[in-house]
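Structure data (mmCIF, C-alpha atoms) from coords.cif:
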data_upload
#
loop_
_atom_site.label_atom_id
_atom_site.label_comp_id
_atom_site.auth_asym_id
_atom_site.auth_seq_id
_atom_site.Cartn_x
_atom_site.Cartn_y
_atom_site.Cartn_z
CA MET K 341 13.96 131.72 166.20
CA GLN K 342 11.32 130.73 163.68
CA ASN K 343 11.74 127.03 164.48
CA PHE K 344 11.62 127.81 168.21
CA LYS K 345 8.27 129.55 167.69
CA LEU K 346 7.03 126.71 165.51
CA GLY K 347 7.94 124.25 168.26
CA PHE K 348 6.21 126.37 170.89
CA ARG K 349 3.06 126.52 168.77
CA ALA K 350 3.20 122.79 167.95
CA MET K 351 2.91 121.96 171.66
CA LEU K 352 -0.18 124.12 172.25
CA PRO K 353 -2.72 121.61 170.82
CA LEU K 354 -1.52 119.20 173.50
CA ALA K 355 -2.52 121.59 176.29
CA PRO K 356 -5.99 119.98 176.74
CA GLY K 357 -4.13 116.83 177.79
CA ILE K 358 -1.40 118.45 179.86
CA LEU K 359 -3.64 120.79 181.88
CA PRO K 360 -5.89 118.17 183.53
CA PHE K 361 -2.89 115.90 184.14
CA GLY K 362 -1.13 118.79 185.89
CA ALA K 363 -4.29 119.50 187.88
CA VAL K 364 -4.38 115.88 189.08
CA MET K 365 -0.69 116.11 190.00
CA GLY K 366 -1.19 119.37 191.90
CA SER K 367 -4.21 118.10 193.79
CA THR K 368 -2.31 114.87 194.63
CA PHE K 369 0.49 116.98 196.16
CA ALA K 370 -2.10 118.90 198.20
CA GLU K 371 -3.94 115.74 199.32
CA ALA K 372 -0.61 114.25 200.47
CA ASN K 373 -0.26 117.32 202.75
CA LEU K 374 2.96 118.38 201.06
CA THR K 375 3.78 122.07 201.38
CA PHE K 376 3.78 124.31 198.32
CA GLY K 377 7.59 124.41 198.48
CA GLN K 378 7.89 120.60 198.65
CA SER K 379 5.46 120.22 195.75
CA MET K 380 7.35 122.69 193.58
CA LEU K 381 10.69 121.15 194.53
CA MET K 382 9.62 117.73 193.33
CA ASN K 383 7.82 119.08 190.27
CA ALA K 384 10.80 121.16 189.17
CA SER K 385 13.57 118.68 189.94
CA VAL K 386 11.98 115.40 188.80
CA TYR K 387 9.71 116.88 186.10
CA ALA K 388 8.06 113.60 185.13
CA GLY K 389 4.31 113.47 185.76
CA ALA K 390 3.60 109.73 185.65
CA ALA K 391 6.53 108.90 187.94
CA GLN K 392 5.64 111.72 190.35
CA LEU K 393 2.04 110.55 190.58
CA ALA K 394 3.08 106.96 191.33
CA THR K 395 5.79 107.86 193.83
CA VAL K 396 3.76 110.43 195.80
CA ASN K 397 1.08 107.78 196.24
CA LEU K 398 3.75 105.32 197.43
CA MET K 399 5.17 107.92 199.83
CA LYS K 400 1.67 108.44 201.26
CA LEU K 401 1.75 104.73 202.13
CA ASN K 402 5.21 105.17 203.69
CA ALA K 403 6.79 102.67 201.24
CA ALA K 404 10.52 101.93 201.61
CA VAL K 405 12.81 104.42 199.85
CA PHE K 406 14.13 101.81 197.42
CA VAL K 407 10.55 100.86 196.42
CA VAL K 408 9.67 104.51 195.76
CA VAL K 409 12.87 105.23 193.84
CA ILE K 410 12.90 102.00 191.80
CA THR K 411 9.25 102.49 190.83
CA GLY K 412 9.86 106.08 189.74
CA LEU K 413 13.00 105.25 187.79
CA MET K 414 11.36 102.24 186.11
CA ILE K 415 8.62 104.52 184.80
CA ASN K 416 11.22 107.06 183.67
CA MET K 417 13.53 104.52 182.05
CA ARG K 418 11.82 105.19 178.69
CA PHE K 419 13.63 108.56 178.65
CA LEU K 420 16.80 106.57 177.95
CA LEU K 421 15.39 105.73 174.52
CA TYR K 422 14.37 109.35 173.90
CA SER K 423 17.84 110.43 174.98
CA ALA K 424 19.39 108.05 172.46
CA ALA K 425 17.00 109.19 169.72
CA ILE K 426 17.63 112.90 170.22
CA SER K 427 21.42 112.56 170.68
CA PRO K 428 22.37 112.61 166.95
CA GLN K 429 20.66 116.00 166.56
CA LEU K 430 22.64 117.40 169.49
CA LYS K 431 26.07 116.62 168.09
CA GLY K 432 28.10 119.84 168.06
CA GLU K 433 25.68 121.81 170.25
CA PRO K 434 27.09 123.60 173.35
CA TRP K 435 26.83 121.82 176.71
CA TRP K 436 24.12 124.10 178.03
CA ILE K 437 21.84 123.31 175.09
CA LYS K 438 22.46 119.61 175.75
CA PHE K 439 21.70 120.15 179.43
CA ALA K 440 18.47 122.03 178.63
CA CYS K 441 17.37 119.35 176.17
CA ALA K 442 18.09 116.56 178.66
CA PHE K 443 16.34 118.27 181.55
CA THR K 444 13.21 119.01 179.52
CA LEU K 445 12.98 115.60 177.83
CA THR K 446 9.35 114.47 178.14
CA ASP K 447 7.04 112.20 176.17
CA GLN K 448 5.32 115.22 174.68
CA SER K 449 8.40 117.23 173.70
CA TYR K 450 10.11 114.20 172.16
CA ALA K 451 6.94 113.08 170.37
CA THR K 452 6.17 116.55 169.00
CA MET K 453 9.62 116.77 167.44
CA THR K 454 9.41 113.23 166.03
CA ALA K 455 5.95 113.82 164.56
CA LYS K 456 7.29 116.92 162.73
CA ALA K 457 10.64 115.41 161.72
CA ASP K 458 9.93 116.01 158.02
CA LEU K 459 9.92 119.79 158.57
CA PHE K 460 13.62 120.13 159.40
CA SER K 461 16.47 120.33 156.93
CA ASN K 462 19.20 120.18 159.61
CA ASN K 463 19.81 119.27 163.26
CA HIS K 464 20.02 122.90 164.40
CA GLN K 465 16.45 123.54 163.22
CA ALA K 466 15.20 120.36 164.90
CA ILE K 467 16.75 121.32 168.25
CA ARG K 468 15.36 124.88 168.16
CA PHE K 469 11.94 123.41 167.41
CA TYR K 470 12.41 120.96 170.29
CA LEU K 471 13.38 123.72 172.73
CA GLY K 472 10.32 125.76 171.75
CA SER K 473 8.02 122.82 172.31
CA ALA K 474 9.79 121.99 175.60
CA LEU K 475 9.26 125.56 176.85
CA ALA K 476 5.55 125.42 176.03
CA MET K 477 5.34 122.03 177.74
CA GLY K 478 7.13 123.33 180.85
CA LEU K 479 4.96 126.43 181.16
CA THR K 480 1.73 124.47 180.70
CA TRP K 481 2.78 121.71 183.06
CA HIS K 482 4.10 123.86 185.90
CA GLY K 483 1.21 126.32 185.58
CA SER K 484 -1.38 123.56 185.79
CA VAL K 485 0.38 121.85 188.72
CA ILE K 486 0.52 125.14 190.65
CA ALA K 487 -3.18 125.68 189.91
CA GLY K 488 -3.90 122.11 191.05
CA VAL K 489 -2.01 122.64 194.34
CA ILE K 490 -3.92 125.86 195.03
CA PHE K 491 -7.41 125.07 193.69
CA GLY K 492 -7.50 121.25 193.70
CA ASN K 493 -8.50 119.27 190.62
CA PHE K 494 -10.19 122.03 188.61
CA ALA K 495 -10.97 119.91 185.53
CA PRO K 496 -14.73 119.11 185.35
CA ALA K 497 -15.12 115.34 185.77
CA SER K 498 -18.01 115.16 183.27
CA LEU K 499 -15.70 116.18 180.42
CA SER K 500 -13.16 113.37 181.16
CA LEU K 501 -10.33 115.78 180.35
CA ASP K 502 -7.77 113.37 181.83
CA TYR K 503 -8.53 111.24 178.77
CA ALA K 504 -6.94 113.92 176.57
CA VAL K 505 -3.50 112.58 177.62
CA PRO K 506 -3.84 109.17 175.88
CA LEU K 507 -5.59 110.87 172.96
CA SER K 508 -2.67 113.25 172.49
CA PHE K 509 -0.27 110.28 172.39
CA VAL K 510 -2.42 108.63 169.72
CA ALA K 511 -2.33 111.83 167.69
CA LEU K 512 1.47 111.98 168.01
CA LEU K 513 1.99 108.29 167.34
CA VAL K 514 -0.05 107.78 164.17
CA PRO K 515 2.05 110.10 161.91
CA THR K 516 5.19 108.13 162.90
CA LEU K 517 3.71 104.78 161.76
CA LYS K 518 5.06 105.20 158.24
CA THR K 519 5.82 101.60 157.31
CA ARG K 520 4.21 98.20 157.85
CA GLY K 521 7.00 97.41 160.31
CA HIS K 522 6.12 100.44 162.47
CA ARG K 523 2.45 99.47 162.46
CA VAL K 524 3.22 95.85 163.37
CA LEU K 525 5.40 97.06 166.22
CA ALA K 526 2.66 99.34 167.57
CA VAL K 527 0.24 96.38 167.67
CA PHE K 528 2.92 94.21 169.30
CA SER K 529 3.65 96.85 171.94
CA SER K 530 -0.08 97.22 172.67
CA LEU K 531 -0.55 93.50 173.24
CA VAL K 532 2.63 93.00 175.27
CA SER K 533 1.86 96.02 177.48
CA LEU K 534 -1.48 94.41 178.39
CA LEU K 535 0.26 91.17 179.32
CA MET K 536 2.95 92.98 181.35
CA TYR K 537 0.57 95.33 183.15
CA GLY K 538 0.70 93.52 186.47
CA LEU K 539 4.48 93.44 186.85
CA PRO K 540 5.80 94.88 190.15
CA PHE K 541 7.45 98.32 190.37
CA LYS K 542 5.44 99.40 187.29
CA ALA K 543 8.07 97.53 185.27
CA GLY K 544 5.57 96.60 182.54
CA LEU K 545 6.30 99.77 180.56
CA ILE K 546 10.06 99.33 180.34
CA VAL K 547 9.83 95.55 179.76
CA THR K 548 7.41 96.21 176.89
CA ALA K 549 9.74 98.87 175.52
CA ILE K 550 12.75 96.52 175.61
CA LEU K 551 10.85 93.65 173.94
CA SER K 552 9.42 96.03 171.33
CA MET K 553 12.83 97.51 170.49
CA GLY K 554 14.12 93.93 170.16
CA LEU K 555 11.37 93.24 167.62
CA ALA K 556 12.20 96.52 165.85
CA ALA K 557 15.81 95.35 165.47
CA VAL K 558 14.55 92.06 163.98
CA ILE K 559 12.24 93.93 161.57
CA ILE K 560 15.12 96.14 160.37
CA ARG K 561 17.48 93.17 160.01
CA ARG K 562 14.92 91.10 158.08
CA ARG K 563 14.21 94.00 155.75
CA GLY K 564 17.94 94.34 155.20
CA HIS K 565 18.10 90.71 154.08
CA ALA K 566 14.97 90.92 151.93
CA MET R 204 1.69 112.61 206.58
CA ILE R 205 4.94 112.34 204.59
CA ALA R 206 7.93 113.11 206.80
CA GLY R 207 10.24 115.86 205.51
CA PRO R 208 13.58 113.98 205.46
CA TYR R 209 11.92 110.88 203.93
CA PHE R 210 10.35 113.04 201.21
CA LEU R 211 13.60 114.89 200.51
CA THR R 212 15.59 111.65 200.25
CA ASN R 213 13.13 110.20 197.76
CA VAL R 214 12.94 113.38 195.69
CA ALA R 215 16.73 113.81 195.61
CA LEU R 216 17.26 110.22 194.43
CA LEU R 217 14.44 110.46 191.89
CA ALA R 218 15.71 113.78 190.55
CA VAL R 219 19.32 112.62 190.19
CA GLY R 220 18.29 109.23 188.76
CA THR R 221 15.83 110.71 186.27
CA PHE R 222 18.30 113.32 185.05
CA ALA R 223 21.00 110.64 184.70
CA ILE R 224 18.61 108.62 182.51
CA ARG R 225 17.70 111.67 180.43
CA VAL R 226 21.25 112.91 179.93
CA PHE R 227 22.98 109.55 179.41
CA PHE R 228 23.04 109.33 175.61
CA ILE R 229 22.84 113.10 175.13
CA ALA R 230 26.11 113.49 177.07
CA LEU R 231 27.71 110.95 174.74
CA SER R 232 26.37 112.62 171.60
CA GLY R 233 29.71 114.16 170.64
CA ARG R 234 31.66 110.92 171.08
CA MET R 235 29.37 108.30 169.58
CA ARG R 236 29.17 107.34 165.94
CA ILE R 237 25.60 106.34 165.21
CA SER R 238 25.12 104.03 162.25
CA PRO R 239 22.23 104.51 159.79
CA LYS R 240 20.69 101.24 161.08
CA THR R 241 20.70 102.59 164.65
CA LYS R 242 19.13 105.83 163.44
CA GLU R 243 16.47 103.77 161.71
CA LEU R 244 15.94 101.86 164.97
CA PHE R 245 15.24 105.19 166.71
CA THR R 246 12.27 105.78 164.37
CA TYR R 247 10.60 102.77 166.04
CA ILE R 248 10.73 104.30 169.54
CA PRO R 249 7.29 105.97 169.41
CA ALA R 250 5.71 102.70 168.18
CA ALA R 251 7.44 100.83 171.02
CA ILE R 252 6.57 103.22 173.85
CA PHE R 253 3.35 105.17 173.21
CA PRO R 254 1.06 102.13 172.83
CA ALA R 255 2.50 100.81 176.11
CA LEU R 256 1.69 104.14 177.78
CA VAL R 257 -1.91 104.40 176.59
CA VAL R 258 -3.30 100.91 175.86
CA PRO R 259 -3.16 99.44 179.42
CA ALA R 260 -4.30 102.75 180.95
CA THR R 261 -7.43 102.77 178.77
CA PHE R 262 -8.07 99.02 178.56
CA PHE R 263 -7.99 98.50 182.32
CA HIS R 264 -10.00 101.66 183.03
CA GLN R 265 -13.42 100.68 184.29
CA GLY R 266 -16.00 102.90 182.62
CA GLN R 267 -19.73 103.26 183.18
CA VAL R 268 -21.21 102.01 179.92
CA ALA R 269 -22.40 98.49 180.65
CA ALA R 270 -23.26 97.88 176.98
CA LEU R 271 -19.55 98.26 176.18
CA ALA R 272 -18.42 96.29 179.26
CA GLY R 273 -17.03 99.52 180.71
CA LYS R 274 -14.41 99.65 177.95
CA GLU R 275 -15.64 102.83 176.28
CA ARG R 276 -12.30 104.60 176.69
CA PHE R 277 -10.47 101.78 174.94
CA LEU R 278 -12.98 101.70 172.06
CA VAL R 279 -12.86 105.48 171.66
CA LEU R 280 -9.06 105.24 171.61
CA ILE R 281 -9.23 102.86 168.64
CA ALA R 282 -11.77 105.11 166.90
CA SER R 283 -9.50 108.12 167.52
CA GLY R 284 -6.55 106.26 166.02
CA ILE R 285 -8.57 105.62 162.84
CA PHE R 286 -9.76 109.25 162.82
CA CYS R 287 -6.15 110.41 163.20
CA TYR R 288 -5.10 108.33 160.22
CA PHE R 289 -7.30 110.53 158.02
CA VAL R 290 -7.10 113.82 159.92
CA ARG R 291 -3.50 114.51 160.88
CA ASN R 292 -4.28 117.20 163.44
CA THR R 293 -3.48 116.73 167.14
CA PHE R 294 -6.12 119.11 168.45
CA ALA R 295 -8.82 117.68 166.17
CA VAL R 296 -8.05 114.15 167.40
CA ILE R 297 -8.27 115.23 171.06
CA VAL R 298 -11.56 117.07 170.47
CA PHE R 299 -12.94 114.12 168.48
CA GLY R 300 -12.02 111.59 171.18
CA LEU R 301 -13.36 113.69 174.06
CA ALA R 302 -16.58 114.47 172.18
CA VAL R 303 -17.25 110.83 171.28
CA LEU R 304 -16.50 109.74 174.85
CA PHE R 305 -18.78 112.47 176.21
CA VAL R 306 -21.65 111.43 173.91
CA ILE R 307 -21.23 107.73 174.70
CA SER R 308 -20.96 108.37 178.43
CA SER R 309 -23.96 110.72 178.43
CA TYR R 310 -26.35 108.57 176.42
CA LEU R 311 -25.30 105.00 177.11
CA ALA R 312 -24.17 105.11 180.75
CA THR R 313 -26.29 103.04 183.07
#

Structure rendered as structure tokens:
Amino acid sequence: MQNFKLGFRAMLPLAPGILPFGAVMGSTFAEANLTFGQSMLMNASVYAGAAQLATVNLMKLNAAVFVVVITGLMINMRFLLYSAAISPQLKGEPWWIKFACAFTLTDQSYATMTAKADLFSNNHQAIRFYLGSALAMGLTWHGSVIAGVIFGNFAPASLSLDYAVPLSFVALLVPTLKTRGHRVLAVFSSLVSLLMYGLPFKAGLIVTAILSMGLAAVIIRRRGHA
Amino acid sequence: MIAGPYFLTNVALLAVGTFAIRVFFIALSGRMRISPKTKELFTYIPAAIFPALVVPATFFHQGQVAALAGKERFLVLIASGIFCYFVRNTFAVIVFGLAVLFVISSYLAT
């Protein structure tokens, strides 16, 4: 229970980034004339902000179903890597814990656990921490989306609170850059993502991820031979 | 206006597809043997993904500070990364970045 609480608390500093993002999502639902029920259905079942934002905008333009779905799944394909990364910790856990972890897998919950990886002495502790952070993430996200649907985008524009999302990723990334190889990879990923930005179906993110993981494999192999 | 059946079809496919992606390796967690090298590879995932999430979004954002070619968000992101290197606190980094951006936008915007 202590690790669950620690995980819950570890997510709270990210709230300044999650709240305005949720507000934008909620107001996008409202501007697309979706009902409250439709908005909540998508938010609860897909539970992936960036993909939801992109696909609702495509649906507003009446894009073909395969365009909407491919775009959304391309953006979400990064969860495959998170799923692989979290899987060793879930070995031996009951199915419903695995289900809960899979359903709540987000950038923030995965990153929070990774950034605090040194705190855990076993997998059980890591997963309880993860579930605590995932609960805090879910409450903050759904609460802010509901508020955004009802009140519109409540975040004052002058404060640029939407910018807290990239800032929170920076704060979660830097502690994981422990070796020169990690730092080289972060620079590589930055540059490649800029080059791949214009790819159709928002494929730039997953193409960058694949190329970067390829370079990571090379870095590990070369270090093994050194 | 988004038609109901069209919306439901998209949401159902997105929900099933996204969950399938999320659960894929987790479902295999009891059956897979993961080598130490693969576990080491997993430590590179944040470095592979997070820059790709934030760098294009900030670099291609058109800001209002002409003196910085409208790239104030990107420059503040770099400054926040350096700040984070010394101050390992998520909330402090967010406050720092927002405050610097606010000051730059308030005093340098044209």

Resolved residues for the PyMOL selection byres ((chain K and resi 497) around 12) as a ChimeraX atom specification: /K:360,363-364,493-496,498-503 /R:301,305,308

Selection under test: the PyMOL selection byres ((chain K) within 7 of (chain R)); residues as a ChimeraX atom specification: /K:353-354,372-373,382,385-386,399-400,405,408-409,412-413,416-417,419-421,423-425,427-428,430-432,438,442-443,445,499,504,506-514,522,525-526,529-530,533-534,537,545,548-549,552-553,556-557

Please dump the current selection as a short mmCIF file (atom, residue, chain, number, x, y, z; two decimals), in the coordinates of the input; keep C-alpha atoms.
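Contents of result38.cif, as written:
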data_model
loop_
_atom_site.label_atom_id
_atom_site.label_comp_id
_atom_site.auth_asym_id
_atom_site.auth_seq_id
_atom_site.Cartn_x
_atom_site.Cartn_y
_atom_site.Cartn_z
CA PRO K 353 -2.72 121.61 170.82
CA LEU K 354 -1.52 119.20 173.50
CA ALA K 372 -0.61 114.25 200.47
CA ASN K 373 -0.26 117.32 202.75
CA MET K 382 9.62 117.73 193.33
CA SER K 385 13.57 118.68 189.94
CA VAL K 386 11.98 115.40 188.80
CA MET K 399 5.17 107.92 199.83
CA LYS K 400 1.67 108.44 201.26
CA VAL K 405 12.81 104.42 199.85
CA VAL K 408 9.67 104.51 195.76
CA VAL K 409 12.87 105.23 193.84
CA GLY K 412 9.86 106.08 189.74
CA LEU K 413 13.00 105.25 187.79
CA ASN K 416 11.22 107.06 183.67
CA MET K 417 13.53 104.52 182.05
CA PHE K 419 13.63 108.56 178.65
CA LEU K 420 16.80 106.57 177.95
CA LEU K 421 15.39 105.73 174.52
CA SER K 423 17.84 110.43 174.98
CA ALA K 424 19.39 108.05 172.46
CA ALA K 425 17.00 109.19 169.72
CA SER K 427 21.42 112.56 170.68
CA PRO K 428 22.37 112.61 166.95
CA LEU K 430 22.64 117.40 169.49
CA LYS K 431 26.07 116.62 168.09
CA GLY K 432 28.10 119.84 168.06
CA LYS K 438 22.46 119.61 175.75
CA ALA K 442 18.09 116.56 178.66
CA PHE K 443 16.34 118.27 181.55
CA LEU K 445 12.98 115.60 177.83
CA LEU K 499 -15.70 116.18 180.42
CA ALA K 504 -6.94 113.92 176.57
CA PRO K 506 -3.84 109.17 175.88
CA LEU K 507 -5.59 110.87 172.96
CA SER K 508 -2.67 113.25 172.49
CA PHE K 509 -0.27 110.28 172.39
CA VAL K 510 -2.42 108.63 169.72
CA ALA K 511 -2.33 111.83 167.69
CA LEU K 512 1.47 111.98 168.01
CA LEU K 513 1.99 108.29 167.34
CA VAL K 514 -0.05 107.78 164.17
CA HIS K 522 6.12 100.44 162.47
CA LEU K 525 5.40 97.06 166.22
CA ALA K 526 2.66 99.34 167.57
CA SER K 529 3.65 96.85 171.94
CA SER K 530 -0.08 97.22 172.67
CA SER K 533 1.86 96.02 177.48
CA LEU K 534 -1.48 94.41 178.39
CA TYR K 537 0.57 95.33 183.15
CA LEU K 545 6.30 99.77 180.56
CA THR K 548 7.41 96.21 176.89
CA ALA K 549 9.74 98.87 175.52
CA SER K 552 9.42 96.03 171.33
CA MET K 553 12.83 97.51 170.49
CA ALA K 556 12.20 96.52 165.85
CA ALA K 557 15.81 95.35 165.47
#

Point-to-point distance in Å for CA of Leu531 in chain K and CA of Ala282 in chain R: 17.3 Å

Nearest residue to Gln342 in chain K from the set K:Val527, K:Ile410, K:Leu398, K:Leu471 (distances using only C-alpha atoms): K:Leu471

Point-to-point distance in Å for CA of Thr454 in chain K and CA of Thr516 in chain K: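 Computing it gives 7.3 Å between the two atoms.
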
Atomic separation - CA of Gly366 in chain K relative to CA of Thr452 in chain K, Å: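 One can read the CA of Thr452 in chain K to CA of Gly366 in chain K distance as 24.2 Å.
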
Nearby residues (only C-alpha atoms) at most 12 Å from Phe491 in chain K, same-chain spacing under 3 positions excluded, as JSON, numbers by chain: {"K": [362, 363, 364, 365, 366, 367, 368, 369, 370, 371, 483, 484, 485, 486, 487, 488, 494, 495]}

Selection result of the PyMOL selection byres ((chain K and resi 460) around 12) on this file, as a PDB file with C-alpha atoms, keeping the file's coordinate frame:
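So the final result, stored in result-v4.pdb, reads:
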ATOM      1  CA  GLN K 342      11.320 130.730 163.680  1.00  0.00           C
ATOM      2  CA  ASN K 343      11.740 127.030 164.480  1.00  0.00           C
ATOM      3  CA  PHE K 344      11.620 127.810 168.210  1.00  0.00           C
ATOM      4  CA  LEU K 346       7.030 126.710 165.510  1.00  0.00           C
ATOM      5  CA  GLY K 347       7.940 124.250 168.260  1.00  0.00           C
ATOM      6  CA  GLN K 429      20.660 116.000 166.560  1.00  0.00           C
ATOM      7  CA  MET K 453       9.620 116.770 167.440  1.00  0.00           C
ATOM      8  CA  THR K 454       9.410 113.230 166.030  1.00  0.00           C
ATOM      9  CA  ALA K 455       5.950 113.820 164.560  1.00  0.00           C
ATOM     10  CA  LYS K 456       7.290 116.920 162.730  1.00  0.00           C
ATOM     11  CA  ALA K 457      10.640 115.410 161.720  1.00  0.00           C
ATOM     12  CA  ASP K 458       9.930 116.010 158.020  1.00  0.00           C
ATOM     13  CA  LEU K 459       9.920 119.790 158.570  1.00  0.00           C
ATOM     14  CA  SER K 461      16.470 120.330 156.930  1.00  0.00           C
ATOM     15  CA  ASN K 462      19.200 120.180 159.610  1.00  0.00           C
ATOM     16  CA  ASN K 463      19.810 119.270 163.260  1.00  0.00           C
ATOM     17  CA  HIS K 464      20.020 122.900 164.400  1.00  0.00           C
ATOM     18  CA  GLN K 465      16.450 123.540 163.220  1.00  0.00           C
ATOM     19  CA  ALA K 466      15.200 120.360 164.900  1.00  0.00           C
ATOM     20  CA  ILE K 467      16.750 121.320 168.250  1.00  0.00           C
ATOM     21  CA  ARG K 468      15.360 124.880 168.160  1.00  0.00           C
ATOM     22  CA  PHE K 469      11.940 123.410 167.410  1.00  0.00           C
ATOM     23  CA  TYR K 470      12.410 120.960 170.290  1.00  0.00           C
TER      24      TYR K 470
END

Enclose all atoms of range 495-506 of chain K listed in the file in an axis-aligned box, grow every side by 6 Å, and hand back centre and edge lengths in Å to one decimal, as AutoDock Vina command-line options.
--center_x -10.8 --center_y 114.5 --center_z 180.8 --size_x 26.5 --size_y 22.7 --size_z 21.9
